[in-house]
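So this one's structure01.txt, compact mmCIF, C-alpha atoms and all ligand atoms:
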# COMPACT_ATOMS: atom_id res chain seq x y z
CA MET R 13 56.91 41.13 -35.91
CA PRO R 14 56.89 37.36 -36.41
CA SER R 15 56.08 36.29 -39.90
CA GLN R 16 56.45 33.30 -42.13
CA SER R 17 59.81 34.52 -43.29
CA ILE R 18 61.36 34.61 -39.83
CA GLN R 19 62.97 31.41 -38.64
CA TRP R 20 62.33 30.74 -34.95
CA PHE R 21 64.80 28.00 -34.55
CA PRO R 22 67.59 28.84 -32.15
CA GLY R 23 70.12 26.12 -31.28
CA HIS R 24 68.30 24.75 -28.29
CA MET R 25 65.24 23.87 -30.40
CA ALA R 26 67.37 21.43 -32.38
CA LYS R 27 68.70 20.09 -29.08
CA THR R 28 65.14 19.68 -27.75
CA ARG R 29 64.05 17.70 -30.78
CA ARG R 30 67.00 15.37 -30.23
CA LEU R 31 66.11 15.09 -26.55
CA ILE R 32 62.57 14.04 -27.52
CA SER R 33 63.64 11.43 -30.04
CA ASP R 34 66.30 10.01 -27.70
CA ASN R 35 63.86 9.62 -24.80
CA ILE R 36 60.55 8.80 -26.46
CA LYS R 37 61.23 5.05 -26.41
CA ASN R 38 61.41 5.13 -22.60
CA VAL R 39 57.89 6.51 -22.06
CA ASP R 40 54.40 4.99 -22.19
CA ILE R 41 52.50 8.13 -23.07
CA VAL R 42 52.92 11.75 -24.16
CA ILE R 43 51.15 14.55 -22.32
CA GLU R 44 50.90 17.36 -24.84
CA ILE R 45 50.14 20.71 -23.25
CA LEU R 46 48.49 23.38 -25.35
CA ASP R 47 47.72 26.95 -24.32
CA ALA R 48 43.92 27.16 -23.90
CA ARG R 49 44.04 30.74 -25.26
CA ILE R 50 45.53 29.49 -28.55
CA PRO R 51 44.57 25.82 -28.95
CA ARG R 52 45.36 25.84 -32.66
CA SER R 53 48.48 28.01 -32.72
CA SER R 54 50.14 26.21 -29.81
CA ARG R 55 49.85 22.76 -31.43
CA ASN R 56 53.14 21.54 -32.82
CA PRO R 57 52.60 20.29 -36.37
CA GLU R 58 55.69 18.05 -36.02
CA ILE R 59 54.63 16.38 -32.81
CA HIS R 60 53.48 13.11 -34.38
CA MET R 61 56.76 12.68 -36.19
CA LEU R 62 58.73 13.36 -33.03
CA THR R 63 56.72 11.17 -30.70
CA ALA R 64 56.56 8.13 -32.95
CA GLN R 65 52.79 7.73 -32.54
CA LYS R 66 52.89 7.12 -28.79
CA PRO R 67 49.49 7.27 -27.08
CA SER R 68 48.82 10.83 -25.99
CA ILE R 69 46.53 13.11 -24.06
CA ILE R 70 46.08 16.82 -24.71
CA LEU R 71 45.73 19.36 -21.93
CA LEU R 72 44.36 22.84 -22.62
CA ASN R 73 46.30 24.59 -19.87
CA LYS R 74 45.88 28.10 -18.44
CA SER R 75 42.16 27.49 -18.92
CA SER R 76 41.31 30.07 -16.24
CA LEU R 77 42.63 32.75 -18.62
CA ALA R 78 40.70 31.51 -21.68
CA ASP R 79 37.12 31.92 -22.88
CA PRO R 80 35.23 28.96 -21.28
CA GLU R 81 32.88 28.52 -24.24
CA GLN R 82 35.81 28.28 -26.66
CA THR R 83 37.68 25.88 -24.37
CA LYS R 84 34.68 23.58 -24.42
CA ARG R 85 34.52 23.63 -28.21
CA TRP R 86 38.25 22.97 -28.62
CA CYS R 87 38.12 20.10 -26.15
CA GLU R 88 35.35 18.47 -28.11
CA ALA R 89 37.25 18.99 -31.34
CA TYR R 90 40.46 17.43 -29.99
CA THR R 91 38.78 14.47 -28.29
CA GLU R 92 38.81 11.61 -30.77
CA LYS R 93 38.98 7.85 -30.72
CA ASP R 94 42.61 7.71 -29.63
CA CYS R 95 42.96 11.05 -27.96
CA VAL R 96 41.47 12.63 -24.87
CA CYS R 97 41.58 16.38 -24.29
CA ILE R 98 40.95 18.04 -20.92
CA PRO R 99 41.09 21.65 -19.75
CA THR R 100 43.54 22.26 -16.90
CA ASP R 101 44.88 25.12 -14.87
CA CYS R 102 47.96 24.88 -12.68
CA ILE R 103 46.99 27.90 -10.59
CA THR R 104 43.33 27.03 -9.85
CA GLY R 105 43.93 23.26 -10.05
CA GLU R 106 41.16 22.70 -12.59
CA GLY R 107 41.36 19.30 -14.31
CA ILE R 108 44.57 18.17 -12.57
CA SER R 109 42.90 15.25 -10.76
CA LYS R 110 41.52 13.93 -14.07
CA ILE R 111 44.95 13.37 -15.60
CA SER R 112 45.91 10.15 -13.83
CA PRO R 113 42.59 8.31 -14.41
CA VAL R 114 42.56 9.34 -18.07
CA VAL R 115 46.15 8.17 -18.58
CA LYS R 116 45.43 4.85 -16.87
CA ASP R 117 42.33 4.36 -18.97
CA ILE R 118 44.21 4.96 -22.22
CA LEU R 119 46.96 2.55 -21.11
CA LYS R 120 44.67 -0.06 -19.55
CA GLU R 121 45.61 -2.81 -22.00
CA ARG R 122 49.28 -2.22 -21.34
CA LEU R 123 48.64 -2.26 -17.58
CA GLU R 124 46.73 -5.54 -17.93
CA ARG R 125 49.65 -7.06 -19.83
CA TYR R 126 52.05 -5.98 -17.10
CA GLU R 127 49.78 -7.56 -14.52
CA GLN R 128 49.61 -10.85 -16.43
CA LYS R 129 53.40 -10.91 -16.43
CA GLY R 130 53.37 -10.31 -12.68
CA MET R 131 54.75 -6.78 -13.06
CA THR R 132 52.16 -5.21 -10.77
CA GLY R 133 52.72 -1.74 -9.43
CA ARG R 134 54.94 -0.78 -12.37
CA THR R 135 55.03 2.99 -12.64
CA LEU R 136 53.89 4.47 -15.92
CA LYS R 137 56.13 7.01 -17.60
CA ALA R 138 54.89 10.16 -19.33
CA MET R 139 56.77 12.75 -21.35
CA VAL R 140 55.42 16.29 -20.94
CA LEU R 141 55.66 18.31 -24.13
CA GLY R 142 54.53 21.72 -25.29
CA ILE R 143 55.58 25.18 -26.45
CA PRO R 144 57.78 27.35 -24.21
CA ASN R 145 56.05 28.93 -21.19
CA VAL R 146 52.85 26.87 -21.53
CA GLY R 147 53.13 25.43 -18.00
CA LYS R 148 54.91 22.06 -18.39
CA SER R 149 57.00 22.48 -15.25
CA SER R 150 54.08 24.04 -13.36
CA LEU R 151 51.91 21.03 -14.18
CA ILE R 152 54.53 18.63 -12.85
CA ASN R 153 54.89 20.66 -9.63
CA LYS R 154 51.13 20.72 -9.24
CA ILE R 155 50.81 16.93 -9.67
CA CYS R 156 53.63 16.08 -7.28
CA LYS R 157 52.49 18.82 -4.87
CA ASN R 158 56.07 19.96 -4.55
CA LYS R 159 58.31 22.49 -6.23
CA LYS R 160 60.54 19.95 -7.97
CA THR R 161 61.01 21.88 -11.22
CA LYS R 162 61.92 25.48 -11.96
CA VAL R 163 59.05 27.74 -13.05
CA GLU R 164 59.29 31.33 -14.30
CA ASP R 165 57.11 33.59 -16.37
CA ARG R 166 59.30 33.63 -19.47
CA PRO R 167 59.90 31.12 -22.26
CA GLY R 168 63.04 28.98 -22.15
CA VAL R 169 63.28 28.28 -18.41
CA THR R 170 63.64 24.49 -18.60
CA LEU R 171 66.73 23.71 -20.62
CA ASN R 172 67.17 19.99 -20.04
CA LYS R 173 65.13 16.89 -19.29
CA GLN R 174 64.19 16.08 -15.68
CA TRP R 175 62.39 13.00 -14.33
CA VAL R 176 60.01 13.65 -11.44
CA GLY R 177 58.32 10.89 -9.44
CA THR R 178 54.76 11.36 -8.20
CA SER R 179 52.39 9.55 -5.88
CA ILE R 180 49.82 8.85 -8.61
CA GLY R 181 51.63 5.96 -10.29
CA LEU R 182 53.06 8.20 -12.97
CA ASP R 183 56.66 9.33 -13.47
CA LEU R 184 56.78 12.59 -15.40
CA LEU R 185 59.52 13.76 -17.72
CA ASP R 186 59.81 17.55 -17.83
CA MET R 187 61.22 18.84 -21.11
CA PRO R 188 62.31 22.18 -22.56
CA GLY R 189 59.64 23.96 -24.60
CA ILE R 190 59.59 23.35 -28.30
CA LEU R 191 58.70 25.57 -31.24
CA TRP R 192 58.92 24.51 -34.87
CA PRO R 193 61.16 25.90 -37.58
CA LYS R 194 58.57 27.73 -39.64
CA PHE R 195 55.03 28.87 -39.01
CA ASP R 196 52.55 28.13 -41.79
CA GLU R 197 50.66 31.34 -41.17
CA CYS R 198 51.55 34.75 -39.73
CA ILE R 199 48.65 34.39 -37.29
CA VAL R 200 50.33 31.44 -35.58
CA GLY R 201 53.53 33.40 -34.92
CA GLU R 202 51.58 36.43 -33.77
CA ASN R 203 49.48 34.38 -31.34
CA LEU R 204 52.58 32.72 -29.90
CA ALA R 205 54.14 36.15 -29.40
CA ILE R 206 51.01 37.66 -27.83
CA THR R 207 50.65 34.85 -25.28
CA GLY R 208 54.35 34.86 -24.32
CA ALA R 209 55.79 31.75 -25.97
CA ILE R 210 58.45 33.74 -27.80
CA ARG R 211 61.03 35.84 -25.96
CA ASP R 212 59.70 39.40 -25.70
CA GLN R 213 63.22 40.77 -26.16
CA ILE R 214 63.31 39.72 -29.81
CA LEU R 215 59.85 41.10 -30.58
CA ASP R 216 58.47 44.44 -31.64
CA ALA R 217 56.02 45.13 -28.81
CA GLU R 218 54.02 47.73 -30.75
CA GLY R 219 53.58 45.36 -33.70
CA ILE R 220 52.48 42.50 -31.47
CA ALA R 221 50.14 44.73 -29.44
CA SER R 222 48.60 45.97 -32.71
CA CYS R 223 47.92 42.34 -33.65
CA LEU R 224 46.27 41.89 -30.26
CA CYS R 225 44.13 45.00 -30.91
CA ALA R 226 43.07 43.44 -34.21
CA ARG R 227 41.93 40.22 -32.50
CA LEU R 228 40.21 41.99 -29.61
CA ARG R 229 38.25 44.48 -31.74
CA LYS R 230 37.07 41.58 -33.91
CA TYR R 231 36.28 38.90 -31.30
CA TYR R 232 35.93 40.65 -27.94
CA PRO R 233 34.98 44.30 -28.70
CA ARG R 234 32.97 44.67 -25.50
CA PHE R 235 35.84 43.59 -23.26
CA LEU R 236 38.19 45.96 -25.10
CA CYS R 237 35.85 48.96 -24.98
CA GLU R 238 34.97 48.42 -21.35
CA ARG R 239 38.52 48.07 -20.09
CA TYR R 240 39.94 51.04 -22.05
CA LYS R 241 36.86 53.29 -22.02
CA LEU R 242 36.47 53.37 -25.78
CA GLY R 243 32.69 53.74 -25.99
CA ASP R 244 31.34 52.02 -29.11
CA ILE R 245 33.81 50.02 -31.21
CA LEU R 246 32.00 51.17 -34.39
CA GLU R 247 33.34 54.69 -33.79
CA TYR R 248 36.78 53.34 -34.66
CA SER R 249 35.99 51.49 -37.87
CA GLU R 250 38.20 53.89 -39.86
CA TYR R 251 41.10 53.51 -37.44
CA SER R 252 43.98 51.13 -38.02
CA ASP R 253 44.95 48.68 -35.26
CA PHE R 254 47.94 50.86 -34.43
CA GLU R 255 45.73 53.98 -34.21
CA LEU R 256 43.45 52.09 -31.85
CA LEU R 257 46.51 51.30 -29.69
CA GLU R 258 47.27 55.05 -29.65
CA ILE R 259 43.75 55.85 -28.46
CA ILE R 260 44.07 53.27 -25.68
CA GLY R 261 47.36 54.91 -24.59
CA LYS R 262 45.74 58.35 -24.69
CA ASN R 263 42.84 57.17 -22.51
CA ARG R 264 45.35 55.72 -20.05
CA GLY R 265 47.36 58.97 -19.99
CA PHE R 266 50.53 57.37 -21.39
CA LEU R 267 51.82 60.66 -22.76
CA ILE R 268 55.34 61.87 -23.45
CA ALA R 269 56.62 65.39 -24.15
CA GLY R 270 54.35 67.44 -26.42
CA GLY R 271 51.24 65.41 -25.62
CA VAL R 272 52.38 62.53 -27.84
CA VAL R 273 51.19 59.06 -26.80
CA SER R 274 53.91 56.58 -25.84
CA THR R 275 52.76 53.66 -27.96
CA GLU R 276 55.65 51.59 -26.66
CA ARG R 277 54.48 51.84 -23.04
CA THR R 278 50.90 51.30 -24.18
CA ALA R 279 51.92 48.16 -26.05
CA VAL R 280 53.72 46.68 -23.04
CA MET R 281 50.73 47.52 -20.80
CA LEU R 282 48.23 45.95 -23.22
CA LEU R 283 50.23 42.72 -23.51
CA ASP R 284 50.71 42.55 -19.73
CA GLU R 285 47.00 43.08 -19.09
CA PHE R 286 46.03 40.50 -21.69
CA ARG R 287 48.43 37.92 -20.21
CA ALA R 288 47.01 38.56 -16.73
CA ALA R 289 43.45 38.20 -18.12
CA LYS R 290 42.60 41.70 -16.90
CA ILE R 291 40.81 42.45 -20.18
CA GLY R 292 38.72 39.29 -19.74
CA ARG R 293 38.92 35.56 -20.38
CA ILE R 294 39.98 35.54 -24.00
CA THR R 295 40.75 32.91 -26.64
CA LEU R 296 42.55 34.08 -29.76
CA ASP R 297 41.96 30.98 -31.90
CA ILE R 298 38.22 31.09 -32.42
CA ARG R 299 36.42 27.89 -33.21
N1 LIG J 301 47.27 31.46 -15.01
C1 LIG J 301 48.02 30.38 -15.20
N2 LIG J 301 49.36 30.51 -15.25
C2 LIG J 301 50.09 29.40 -15.44
C3 LIG J 301 49.52 28.12 -15.60
N3 LIG J 301 50.50 27.22 -15.79
C4 LIG J 301 51.65 27.91 -15.75
N4 LIG J 301 51.43 29.22 -15.54
C5 LIG J 301 52.43 30.29 -15.47
O1 LIG J 301 53.11 30.31 -16.71
C6 LIG J 301 54.50 30.61 -16.54
C7 LIG J 301 55.35 29.55 -17.17
O2 LIG J 301 55.22 28.32 -16.46
P1 LIG J 301 56.30 27.15 -16.59
O3 LIG J 301 55.75 26.00 -15.83
O4 LIG J 301 57.66 27.63 -16.27
O5 LIG J 301 56.22 26.84 -18.16
P2 LIG J 301 57.07 25.80 -19.00
O6 LIG J 301 56.17 25.24 -20.04
O7 LIG J 301 57.74 24.84 -18.11
O8 LIG J 301 58.12 26.78 -19.69
P3 LIG J 301 59.60 26.47 -20.32
O9 LIG J 301 60.33 25.60 -19.35
O10 LIG J 301 60.21 27.82 -20.43
O11 LIG J 301 59.35 25.83 -21.64
C8 LIG J 301 54.69 30.77 -15.01
O12 LIG J 301 54.59 32.13 -14.69
C9 LIG J 301 53.52 30.00 -14.45
O13 LIG J 301 53.14 30.46 -13.17
C10 LIG J 301 48.09 28.02 -15.54
O14 LIG J 301 47.49 26.95 -15.68
N5 LIG J 301 47.40 29.18 -15.34
MG MG J 302 59.72 24.43 -17.82
Would you mind giving the structure from this file in structure tokens?
Amino acid sequence: MPSQSIQWFPGHMAKTRRLISDNIKNVDIVIEILDARIPRSSRNPEIHMLTAQKPSIILLNKSSLADPEQTKRWCEAYTEKDCVCIPTDCITGEGISKISPVVKDILKERLERYEQKGMTGRTLKAMVLGIPNVGKSSLINKICKNKKTKVEDRPGVTLNKQWVGTSIGLDLLDMPGILWPKFDECIVGENLAITGAIRDQILDAEGIASCLCARLRKYYPRFLCERYKLGDILEYSEYSDFELLEIIGKNRGFLIAGGVVSTERTAVMLLDEFRAAKIGRITLDIR
């Protein structure tokens, strides 16, 4: 299970940080993509250091999987004087058409300067940053309406930088996902694991699914009880999160020899169903 003591910093994270610092001077703006289901846990605490205070916009992506009320609150919280935050979804297309006008508005003084110098029609350049698997490459494909970058449902697909031209006056730089060396709180690591930003192969599925049970019973008990036929959540107040996972497996008939519940299969199922929003539209960082 991820915890403060575990270092999530494989070699390519160091390479990605170098890639950011080497290329940041060539861009006008940073598009920081957060996962709308974990707007706090998916925010890189190092980002300001790495991006040298470039203008930025924040996208809360995968918004169709997140709790709409929470997305609204997080957007308001992240929209400040120098920062605009919009919810987006690369599957439904929500918010995608707002990106270009917002970027041009933030950079309007720069655009005016270019115009005064006779450099009209200069394409703006944006670096797309965010944690692994958050949808950086998907966003670029959606904007350029073409499958220019490789997309897969696992973290660590994009391994190098890639410039992609678009028809909206914006060149986009796809980048590998970035995590940071140490999480300040266990919750951050757990949320990143639950949503799929950390390779499942290095995780303990039952531990992570138990963390998900903890969040769901606390914040979305009705969704949890409805999906897994649990009745009233209060009946389980004496049960640990792992015991609750066992009950879910029992109700689903995930049994092995001797009538024992396969908590491993149950864990994988619960994480899959959460990631596909089958339990409901859920946000794990509650505001
Ligand atoms: N539901 C939903 N799925 C999305 C969205 N954006 C991306 N995905 C899915 O998330 C997975 C990862 O997408 P990618 O675009 O490869 O993510 P990435 O940030 O480029 O990932 P890395 O290159 O590994 O860092 C794919 O299965 C996408 O289809 C979204 O807005 N909504
Ligand atoms: Mg990618």
Subject >> Contacts with ligand LIG 301 (chain J) at most 8 Å, all atoms listed in the file counted, listed as a ChimeraX atom specification >> reply: /R:73-77,100-105,142-151,162-171,186-190,288
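Between CA of Leu283 (chain R) and CA of Leu257 (chain R) the separation is 11.2 Å.
Of the listed residues R:Arg229, R:Arg299, R:Lys159, R:Lys110, the one whose atoms come nearest to ligand MG 302 (chain J) is R:Lys159, with distances taken using all atoms listed in the file.
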Subject >> Shortest interatomic distance to ligand MG 302 (chain J) - which of R:Thr91, R:Ala209, R:Ile36, R:Ser109, counting only C-alpha atoms and all ligand atoms >> reply: R:Ala209
Subject >> Å distance separating CA of Thr275 (chain R) from CA of Gly219 (chain R), one decimal place >> reply: 10.1 Å
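Rounded to one decimal, CA of Pro193 (chain R) and CA of His24 (chain R) lie 11.8 Å from each other.
In terms of minimum interatomic distance to ligand MG 302 (chain J), R:Ile152 ranks closest within R:Ile152, R:Ile32, R:Met131, R:Ala289, counting only C-alpha atoms and all ligand atoms.
Among the candidates R:Lys160, R:Arg29, R:Asp40, R:Glu276, the one nearest to Gln65 (chain R) when counting all atoms listed in the file is R:Asp40.
For region 44-56 of chain R, the non-local neighbours within 7 Å, defined as residues at least 5 positions apart in the same chain or in other chains and counting only C-alpha atoms, are Ser68, Ile69, Ile70, Leu71, Leu72, Asn73, Lys74, Ser75, Ala78, Thr83, Trp86, Val140, Leu141, Gly142, Ile143, Val146, Lys148, Trp192, Val200, Asn203, Leu204, Ile294, Thr295, Leu296 and Asp297 of chain R.
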**OP:** Name the closest residue to ligand MG 302 (chain J) among the candidates R:Val273, R:Thr161, R:Asp244, R:Leu228; distances are taken between atoms, counting all atoms listed in the file.
**Re:** R:Thr161
